[in-house]
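Asker: Sharing run_6.cif below, mmCIF, C-alpha atoms:
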data_protein
#
loop_
_atom_site.group_PDB
_atom_site.id
_atom_site.type_symbol
_atom_site.label_atom_id
_atom_site.label_comp_id
_atom_site.auth_asym_id
_atom_site.auth_seq_id
_atom_site.Cartn_x
_atom_site.Cartn_y
_atom_site.Cartn_z
ATOM 1 C CA GLU A 1 67.429 132.157 149.823
ATOM 2 C CA ALA A 2 70.803 130.429 149.873
ATOM 3 C CA GLY A 3 72.367 129.859 146.475
ATOM 4 C CA VAL A 4 73.964 126.808 144.913
ATOM 5 C CA ALA A 5 77.120 125.904 146.828
ATOM 6 C CA GLN A 6 80.110 124.282 145.168
ATOM 7 C CA SER A 7 83.484 123.203 146.475
ATOM 8 C CA PRO A 8 86.342 123.430 146.018
ATOM 9 C CA ARG A 9 86.641 126.697 144.061
ATOM 10 C CA TYR A 10 89.986 125.771 142.546
ATOM 11 C CA LYS A 11 91.857 122.530 142.072
ATOM 12 C CA ILE A 12 95.180 121.724 140.432
ATOM 13 C CA ILE A 13 96.055 118.070 139.864
ATOM 14 C CA GLU A 14 98.463 116.070 137.767
ATOM 15 C CA LYS A 15 97.189 113.996 134.876
ATOM 16 C CA ARG A 16 96.058 110.510 135.812
ATOM 17 C CA GLN A 17 95.129 111.642 139.317
ATOM 18 C CA SER A 18 91.550 111.639 140.543
ATOM 19 C CA VAL A 19 89.434 114.566 141.704
ATOM 20 C CA ALA A 20 85.947 115.084 143.134
ATOM 21 C CA PHE A 21 83.655 118.079 143.149
ATOM 22 C CA TRP A 22 80.734 118.680 145.464
ATOM 23 C CA CYS A 23 77.482 120.562 144.916
ATOM 24 C CA ASN A 24 74.666 121.505 147.266
ATOM 25 C CA PRO A 25 71.672 122.793 145.278
ATOM 26 C CA ILE A 26 68.986 125.208 146.377
ATOM 27 C CA SER A 27 66.631 123.549 148.814
ATOM 28 C CA GLY A 28 63.615 122.025 147.103
ATOM 29 C CA HIS A 29 65.078 122.059 143.594
ATOM 30 C CA ALA A 30 64.471 118.662 142.070
ATOM 31 C CA THR A 31 66.644 119.166 138.977
ATOM 32 C CA LEU A 32 70.418 119.302 139.312
ATOM 33 C CA TYR A 33 72.878 119.813 136.451
ATOM 34 C CA TRP A 34 76.623 119.437 136.060
ATOM 35 C CA TYR A 35 78.196 121.396 133.226
ATOM 36 C CA GLN A 36 81.721 121.574 131.861
ATOM 37 C CA GLN A 37 82.793 124.939 130.479
ATOM 38 C CA ILE A 38 85.989 125.269 128.511
ATOM 39 C CA LEU A 39 87.412 128.770 128.190
ATOM 40 C CA GLY A 40 85.602 130.785 125.515
ATOM 41 C CA GLN A 41 82.767 128.296 125.092
ATOM 42 C CA GLY A 42 79.268 127.921 126.440
ATOM 43 C CA PRO A 43 78.556 125.351 129.151
ATOM 44 C CA LYS A 44 78.278 121.742 128.005
ATOM 45 C CA LEU A 45 75.905 119.468 129.918
ATOM 46 C CA LEU A 46 77.613 116.473 131.493
ATOM 47 C CA ILE A 47 74.763 115.035 133.523
ATOM 48 C CA GLN A 48 71.269 115.974 134.645
ATOM 49 C CA PHE A 49 69.481 114.551 137.679
ATOM 50 C CA GLN A 50 65.803 114.665 138.481
ATOM 51 C CA ASN A 51 65.685 114.041 142.227
ATOM 52 C CA ASN A 52 68.213 111.205 142.557
ATOM 53 C CA GLY A 53 67.633 109.683 139.126
ATOM 54 C CA VAL A 54 69.724 110.366 136.022
ATOM 55 C CA VAL A 55 67.755 112.030 133.212
ATOM 56 C CA ASP A 56 70.542 112.725 130.735
ATOM 57 C CA ASP A 57 74.163 111.617 130.806
ATOM 58 C CA SER A 58 74.657 111.291 127.067
ATOM 59 C CA GLN A 59 77.709 113.583 127.021
ATOM 60 C CA LEU A 60 79.364 112.248 130.150
ATOM 61 C CA PRO A 61 82.653 110.419 129.369
ATOM 62 C CA LYS A 62 81.662 107.413 131.405
ATOM 63 C CA ASP A 63 85.050 105.744 131.187
ATOM 64 C CA ARG A 64 86.471 108.431 133.480
ATOM 65 C CA PHE A 65 83.626 110.572 134.816
ATOM 66 C CA SER A 66 81.014 109.524 137.355
ATOM 67 C CA ALA A 67 78.376 111.378 139.305
ATOM 68 C CA GLU A 68 75.853 110.625 141.968
ATOM 69 C CA ARG A 69 73.130 112.430 143.809
ATOM 70 C CA LEU A 70 72.357 110.798 147.087
ATOM 71 C CA LYS A 71 68.908 111.275 148.620
ATOM 72 C CA GLY A 72 68.039 113.726 145.840
ATOM 73 C CA VAL A 73 69.989 116.570 147.430
ATOM 74 C CA ASP A 74 73.799 116.941 147.310
ATOM 75 C CA SER A 75 75.770 115.694 144.356
ATOM 76 C CA THR A 76 79.367 114.750 143.638
ATOM 77 C CA LEU A 77 81.149 114.602 140.290
ATOM 78 C CA LYS A 78 84.330 112.552 140.035
ATOM 79 C CA ILE A 79 87.031 112.291 137.410
ATOM 80 C CA GLN A 80 89.366 109.310 137.472
ATOM 81 C CA PRO A 81 91.891 109.389 135.883
ATOM 82 C CA ALA A 82 92.103 113.029 134.788
ATOM 83 C CA LYS A 83 93.436 114.085 131.386
ATOM 84 C CA LEU A 84 94.877 117.415 130.308
ATOM 85 C CA GLU A 85 91.747 118.153 128.252
ATOM 86 C CA ASP A 86 89.629 117.980 131.411
ATOM 87 C CA SER A 87 90.975 121.394 132.420
ATOM 88 C CA ALA A 88 87.830 123.526 132.579
ATOM 89 C CA VAL A 89 85.341 125.127 134.925
ATOM 90 C CA TYR A 90 82.795 122.676 136.317
ATOM 91 C CA LEU A 91 79.465 124.283 137.037
ATOM 92 C CA CYS A 92 76.600 122.959 139.103
ATOM 93 C CA ALA A 93 73.098 124.341 138.662
ATOM 94 C CA SER A 94 69.660 123.606 140.042
ATOM 95 C CA SER A 95 66.114 124.490 139.140
ATOM 96 C CA SER A 96 62.550 123.660 140.008
ATOM 97 C CA SER A 97 60.454 122.201 137.176
ATOM 98 C CA GLY A 98 61.388 124.416 134.249
ATOM 99 C CA GLN A 99 61.740 127.597 136.254
ATOM 100 C CA ARG A 100 64.717 129.881 136.623
ATOM 101 C CA ALA A 101 68.005 128.013 136.922
ATOM 102 C CA PHE A 102 70.602 129.029 139.476
ATOM 103 C CA PHE A 103 74.297 128.329 139.142
ATOM 104 C CA GLY A 104 77.065 127.898 141.662
ATOM 105 C CA GLN A 105 80.388 129.739 141.452
ATOM 106 C CA GLY A 106 82.013 126.792 139.746
ATOM 107 C CA THR A 107 85.189 124.813 140.309
ATOM 108 C CA ARG A 108 88.157 125.687 138.136
ATOM 109 C CA LEU A 109 90.135 122.524 137.435
ATOM 110 C CA THR A 110 93.646 122.649 136.039
ATOM 111 C CA VAL A 111 95.248 119.372 134.996
ATOM 112 C CA VAL A 112 99.027 119.575 134.540
ATOM 113 C CA LYS B 1 68.197 119.344 117.788
ATOM 114 C CA GLN B 2 68.062 122.925 119.049
ATOM 115 C CA GLU B 3 71.042 125.124 118.179
ATOM 116 C CA VAL B 4 71.643 128.474 119.832
ATOM 117 C CA THR B 5 73.879 131.122 118.299
ATOM 118 C CA GLN B 6 75.120 134.375 119.750
ATOM 119 C CA ILE B 7 76.644 136.999 117.492
ATOM 120 C CA PRO B 8 78.960 138.822 117.870
ATOM 121 C CA ALA B 9 81.317 136.753 119.985
ATOM 122 C CA ALA B 10 82.840 139.933 121.389
ATOM 123 C CA LEU B 11 81.765 143.558 121.568
ATOM 124 C CA SER B 12 83.562 146.671 122.804
ATOM 125 C CA VAL B 13 81.674 149.920 123.411
ATOM 126 C CA PRO B 14 82.351 153.226 125.170
ATOM 127 C CA GLU B 15 80.685 153.872 128.495
ATOM 128 C CA GLY B 16 77.189 155.335 128.283
ATOM 129 C CA GLU B 17 76.265 153.681 125.006
ATOM 130 C CA ASN B 18 73.039 151.699 124.606
ATOM 131 C CA LEU B 19 73.681 148.253 123.156
ATOM 132 C CA VAL B 20 71.931 145.121 121.946
ATOM 133 C CA LEU B 21 73.105 141.546 122.282
ATOM 134 C CA ASN B 22 71.611 138.931 119.990
ATOM 135 C CA CYS B 23 70.583 135.320 120.502
ATOM 136 C CA SER B 24 69.082 133.124 117.793
ATOM 137 C CA PHE B 25 67.693 129.591 118.012
ATOM 138 C CA THR B 26 66.682 127.100 115.361
ATOM 139 C CA ASP B 27 63.583 125.472 116.898
ATOM 140 C CA SER B 28 60.775 127.832 117.870
ATOM 141 C CA ALA B 29 59.102 125.242 120.128
ATOM 142 C CA ILE B 30 60.570 126.630 123.313
ATOM 143 C CA TYR B 31 59.361 126.649 126.902
ATOM 144 C CA ASN B 32 61.352 129.693 127.980
ATOM 145 C CA LEU B 33 64.592 131.562 127.390
ATOM 146 C CA GLN B 34 66.986 132.767 130.057
ATOM 147 C CA TRP B 35 69.763 135.362 129.861
ATOM 148 C CA PHE B 36 72.819 134.974 132.098
ATOM 149 C CA ARG B 37 75.858 137.036 132.953
ATOM 150 C CA GLN B 38 79.227 135.423 133.643
ATOM 151 C CA ASP B 39 82.199 137.243 135.136
ATOM 152 C CA PRO B 40 85.677 135.784 134.489
ATOM 153 C CA GLY B 41 86.272 132.609 136.468
ATOM 154 C CA LYS B 42 82.822 132.742 138.045
ATOM 155 C CA GLY B 43 79.525 130.956 137.712
ATOM 156 C CA LEU B 44 76.489 132.186 135.800
ATOM 157 C CA THR B 45 74.166 134.814 137.250
ATOM 158 C CA SER B 46 70.581 134.783 136.031
ATOM 159 C CA LEU B 47 69.492 138.126 134.585
ATOM 160 C CA LEU B 48 66.102 137.632 132.960
ATOM 161 C CA LEU B 49 63.748 134.763 132.195
ATOM 162 C CA ILE B 50 61.188 135.093 129.403
ATOM 163 C CA GLN B 51 58.389 132.539 129.185
ATOM 164 C CA SER B 52 57.324 131.459 125.699
ATOM 165 C CA SER B 53 54.049 133.385 126.039
ATOM 166 C CA GLN B 54 55.854 136.643 126.855
ATOM 167 C CA ARG B 55 57.314 139.208 124.492
ATOM 168 C CA GLU B 56 59.712 140.935 126.881
ATOM 169 C CA GLN B 57 61.022 141.235 130.417
ATOM 170 C CA THR B 58 62.674 144.193 132.095
ATOM 171 C CA SER B 59 64.970 144.548 135.069
ATOM 172 C CA GLY B 60 66.570 147.919 135.728
ATOM 173 C CA ARG B 61 68.670 148.899 132.710
ATOM 174 C CA LEU B 62 68.142 145.502 131.086
ATOM 175 C CA ASN B 63 65.363 144.605 128.683
ATOM 176 C CA ALA B 64 65.061 141.223 127.013
ATOM 177 C CA SER B 65 62.711 140.577 124.107
ATOM 178 C CA LEU B 66 61.563 137.335 122.535
ATOM 179 C CA ASP B 67 60.287 136.649 119.016
ATOM 180 C CA LYS B 68 59.610 132.916 118.856
ATOM 181 C CA SER B 69 58.426 132.877 115.260
ATOM 182 C CA SER B 70 61.726 134.262 114.023
ATOM 183 C CA GLY B 71 63.807 132.366 116.581
ATOM 184 C CA ARG B 72 65.358 135.447 118.102
ATOM 185 C CA SER B 73 65.895 137.145 121.434
ATOM 186 C CA THR B 74 67.702 140.370 122.185
ATOM 187 C CA LEU B 75 69.152 141.736 125.405
ATOM 188 C CA TYR B 76 69.140 145.524 125.484
ATOM 189 C CA ILE B 77 71.451 147.268 127.937
ATOM 190 C CA ALA B 78 70.801 150.965 128.460
ATOM 191 C CA ALA B 79 73.483 153.461 129.426
ATOM 192 C CA SER B 80 76.244 150.860 129.653
ATOM 193 C CA GLN B 81 78.789 151.036 132.486
ATOM 194 C CA PRO B 82 82.257 149.487 132.912
ATOM 195 C CA GLY B 83 80.712 147.192 135.530
ATOM 196 C CA ASP B 84 78.593 145.646 132.774
ATOM 197 C CA SER B 85 81.745 144.119 131.269
ATOM 198 C CA ALA B 86 81.227 140.355 131.312
ATOM 199 C CA THR B 87 80.169 137.496 129.067
ATOM 200 C CA TYR B 88 76.445 137.282 128.387
ATOM 201 C CA LEU B 89 74.913 133.891 127.577
ATOM 202 C CA CYS B 90 71.432 132.938 126.503
ATOM 203 C CA ALA B 91 69.901 129.519 127.113
ATOM 204 C CA VAL B 92 66.770 128.018 125.607
ATOM 205 C CA ARG B 93 64.558 125.318 127.108
ATOM 206 C CA PRO B 94 62.652 123.165 124.601
ATOM 207 C CA LEU B 95 58.910 122.742 124.944
ATOM 208 C CA TYR B 96 59.194 118.947 124.838
ATOM 209 C CA ASN B 97 61.755 118.773 127.653
ATOM 210 C CA PHE B 98 61.661 121.943 129.722
ATOM 211 C CA ASN B 99 64.271 120.716 132.187
ATOM 212 C CA LYS B 100 66.929 120.731 129.483
ATOM 213 C CA PHE B 101 68.993 123.784 128.439
ATOM 214 C CA TYR B 102 70.658 124.657 125.168
ATOM 215 C CA PHE B 103 73.299 127.342 125.610
ATOM 216 C CA GLY B 104 74.835 129.771 123.179
ATOM 217 C CA SER B 105 78.582 130.342 123.372
ATOM 218 C CA GLY B 106 78.129 133.875 124.675
ATOM 219 C CA THR B 107 78.996 137.459 123.786
ATOM 220 C CA LYS B 108 81.951 138.938 125.642
ATOM 221 C CA LEU B 109 81.175 142.589 126.361
ATOM 222 C CA ASN B 110 83.790 145.199 127.220
ATOM 223 C CA VAL B 111 82.561 148.635 128.264
ATOM 224 C CA LYS B 112 85.398 151.154 128.111
ATOM 225 C CA PRO B 113 85.484 153.998 130.643
#
When written as structure tokens, how does the structure in this file appear?

Answerer:
Amino acid sequence: EAGVAQSPRYKIIEKRQSVAFWCNPISGHATLYWYQQILGQGPKLLIQFQNNGVVDDSQLPKDRFSAERLKGVDSTLKIQPAKLEDSAVYLCASSSSGQRAFFGQGTRLTVV
Amino acid sequence: KQEVTQIPAALSVPEGENLVLNCSFTDSAIYNLQWFRQDPGKGLTSLLLIQSSQREQTSGRLNASLDKSSGRSTLYIAASQPGDSATYLCAVRPLYNFNKFYFGSGTKLNVKP
């Protein structure tokens, strides 16, 4: 089966610019996650969707981060405006009702 | 709130050695536990998934065990190879919300040729 697809793989932007990441989960997976991973740390959940509804966005910095999942399939995560501390790897994952989770290759964001 | 700890943070072993990575969690009410591998700059690759009713899972040279009552899981790697060098993360799903993950911060493994 096809895996979780993410794009772009790498992005370098200046602070205060905006950026968007895209994720296409595994077909049929109702749950989609966006994680932020800072070097040397475990992934931190930003937002979790169940189909196209938000289940958990308690750690999403809503003043600058937004995410949507249209039609319960693809998802985009946006940062506007970016700060230096947003430099991290952004991971998208999907799973089906508590079963094995699959991760994409991630997007490495560098804010300069 | 569930907390997941992985010790040590880094481990270096010579090639061919058998090794054990540790994962501990504070709340034993879990749905399942999943071990992942992460290569530098890459996403997470699922290695093994242990359901709460299981004691262990095996895949090739990897064996993961689960002891819910003590809040511990171990990942055993037999006959380690340089290609096993990566960061290994464990993630726990709580019984009351099995779509949620709690991650440890990982153990960075270096297998020296």

Asker: Using all atoms listed in the file, find which residues of chain A lie within 8 Å of chain B and jot them down as a PyMOL selection string.

Answerer: chain A and resi 31+40-44+89+91+97-98+100-106+108

Asker: Please list as a ChimeraX atom specification every residue within 10 Å of segment 60-70 of chain A, counting only C-alpha atoms and excluding residues in the same chain fewer than 4 positions away.

Answerer: /A:18-24,32,34-36,44-54,56,74-83

Asker: I need the output of the PyMOL selection byres ((chain B and resi 61-77) around 6) for this file as JSON, numbers by chain; which residues are they?

Answerer: {"B": [18, 19, 20, 21, 22, 23, 24, 25, 28, 55, 56, 57, 58, 59, 60, 78]}

Asker: Could you tell me how far atom CA of Ala93 of chain A sits from atom CA of Ser7 of chain A, in Å to one decimal place?

Answerer: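 Separation of atom CA of Ser7 of chain A and atom CA of Ala93 of chain A: 13.0 Å.
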
Asker: One decimal, in Å: what's the spacing between atom CA of Lys11 of chain A and atom CA of Arg37 of chain B?

Answerer: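 Pair atom CA of Lys11 of chain A / atom CA of Arg37 of chain B returns 23.4 Å.
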
Asker: Quick one: residues within 7 Å of Ser80 of chain B, only C-alpha atoms, excluding same-chain residues fewer than 3 positions away - as a list in words?

Answerer: Glu15, Gly16, Glu17, Asn18, Ile77, Asp84 and Val111 of chain B

Asker: As a short mmCIF file (atom, residue, chain, number, x, y, z; two decimals), keeping the file's coordinate frame, please: segment 6-17 of chain B completed to all heavy atoms.

Answerer:
data_model
loop_
_atom_site.label_atom_id
_atom_site.label_comp_id
_atom_site.auth_asym_id
_atom_site.auth_seq_id
_atom_site.Cartn_x
_atom_site.Cartn_y
_atom_site.Cartn_z
N GLN B 6 75.01 133.01 119.27
CA GLN B 6 75.12 134.38 119.75
C GLN B 6 76.19 135.10 118.93
O GLN B 6 77.33 134.67 118.86
CB GLN B 6 75.48 134.42 121.24
CG GLN B 6 74.36 133.91 122.14
CD GLN B 6 74.68 134.08 123.60
OE1 GLN B 6 74.91 133.09 124.30
NE2 GLN B 6 74.70 135.32 124.06
N ILE B 7 75.76 136.19 118.32
CA ILE B 7 76.64 137.00 117.49
C ILE B 7 76.47 138.46 117.88
O ILE B 7 75.33 138.92 118.05
CB ILE B 7 76.32 136.83 115.98
CG1 ILE B 7 76.60 135.36 115.56
CG2 ILE B 7 77.13 137.79 115.14
CD1 ILE B 7 76.16 135.06 114.16
N PRO B 8 77.57 139.24 118.09
CA PRO B 8 78.96 138.82 117.87
C PRO B 8 79.52 138.05 119.06
O PRO B 8 78.92 138.04 120.13
CB PRO B 8 79.68 140.17 117.72
CG PRO B 8 78.90 141.09 118.61
CD PRO B 8 77.47 140.64 118.48
N ALA B 9 80.67 137.46 118.89
CA ALA B 9 81.32 136.75 119.98
C ALA B 9 81.91 137.73 120.99
O ALA B 9 82.04 137.41 122.17
CB ALA B 9 82.42 135.83 119.45
N ALA B 10 82.27 138.92 120.51
CA ALA B 10 82.84 139.93 121.39
C ALA B 10 82.39 141.30 120.91
O ALA B 10 82.16 141.51 119.71
CB ALA B 10 84.36 139.85 121.41
N LEU B 11 82.26 142.22 121.87
CA LEU B 11 81.76 143.56 121.57
C LEU B 11 82.44 144.54 122.52
O LEU B 11 82.51 144.28 123.73
CB LEU B 11 80.25 143.59 121.76
CG LEU B 11 79.49 144.88 121.47
CD1 LEU B 11 79.61 145.24 120.00
CD2 LEU B 11 78.03 144.70 121.87
N SER B 12 82.92 145.65 121.98
CA SER B 12 83.56 146.67 122.80
C SER B 12 82.88 148.00 122.53
O SER B 12 82.77 148.40 121.36
CB SER B 12 85.06 146.75 122.49
OG SER B 12 85.71 147.65 123.35
N VAL B 13 82.40 148.66 123.57
CA VAL B 13 81.67 149.92 123.41
C VAL B 13 82.16 150.93 124.44
O VAL B 13 82.66 150.55 125.51
CB VAL B 13 80.15 149.71 123.57
CG1 VAL B 13 79.62 148.71 122.55
CG2 VAL B 13 79.80 149.28 124.99
N PRO B 14 82.01 152.21 124.17
CA PRO B 14 82.35 153.23 125.17
C PRO B 14 81.25 153.32 126.21
O PRO B 14 80.07 153.05 125.94
CB PRO B 14 82.46 154.51 124.34
CG PRO B 14 81.60 154.27 123.16
CD PRO B 14 81.64 152.81 122.88
N GLU B 15 81.63 153.70 127.40
CA GLU B 15 80.68 153.87 128.50
C GLU B 15 79.55 154.81 128.10
O GLU B 15 79.75 155.82 127.41
CB GLU B 15 81.43 154.44 129.71
CG GLU B 15 80.58 154.64 130.94
CD GLU B 15 81.40 155.15 132.12
OE1 GLU B 15 82.61 155.40 131.95
OE2 GLU B 15 80.83 155.27 133.22
N GLY B 16 78.34 154.49 128.53
CA GLY B 16 77.19 155.34 128.28
C GLY B 16 76.38 154.93 127.07
O GLY B 16 75.24 155.38 126.90
N GLU B 17 76.97 154.08 126.23
CA GLU B 17 76.26 153.68 125.01
C GLU B 17 75.17 152.65 125.31
O GLU B 17 75.32 151.81 126.20
CB GLU B 17 77.28 153.10 124.02
CG GLU B 17 76.77 152.94 122.62
CD GLU B 17 77.90 152.76 121.63
OE1 GLU B 17 78.68 153.71 121.44
OE2 GLU B 17 77.99 151.66 121.07
#
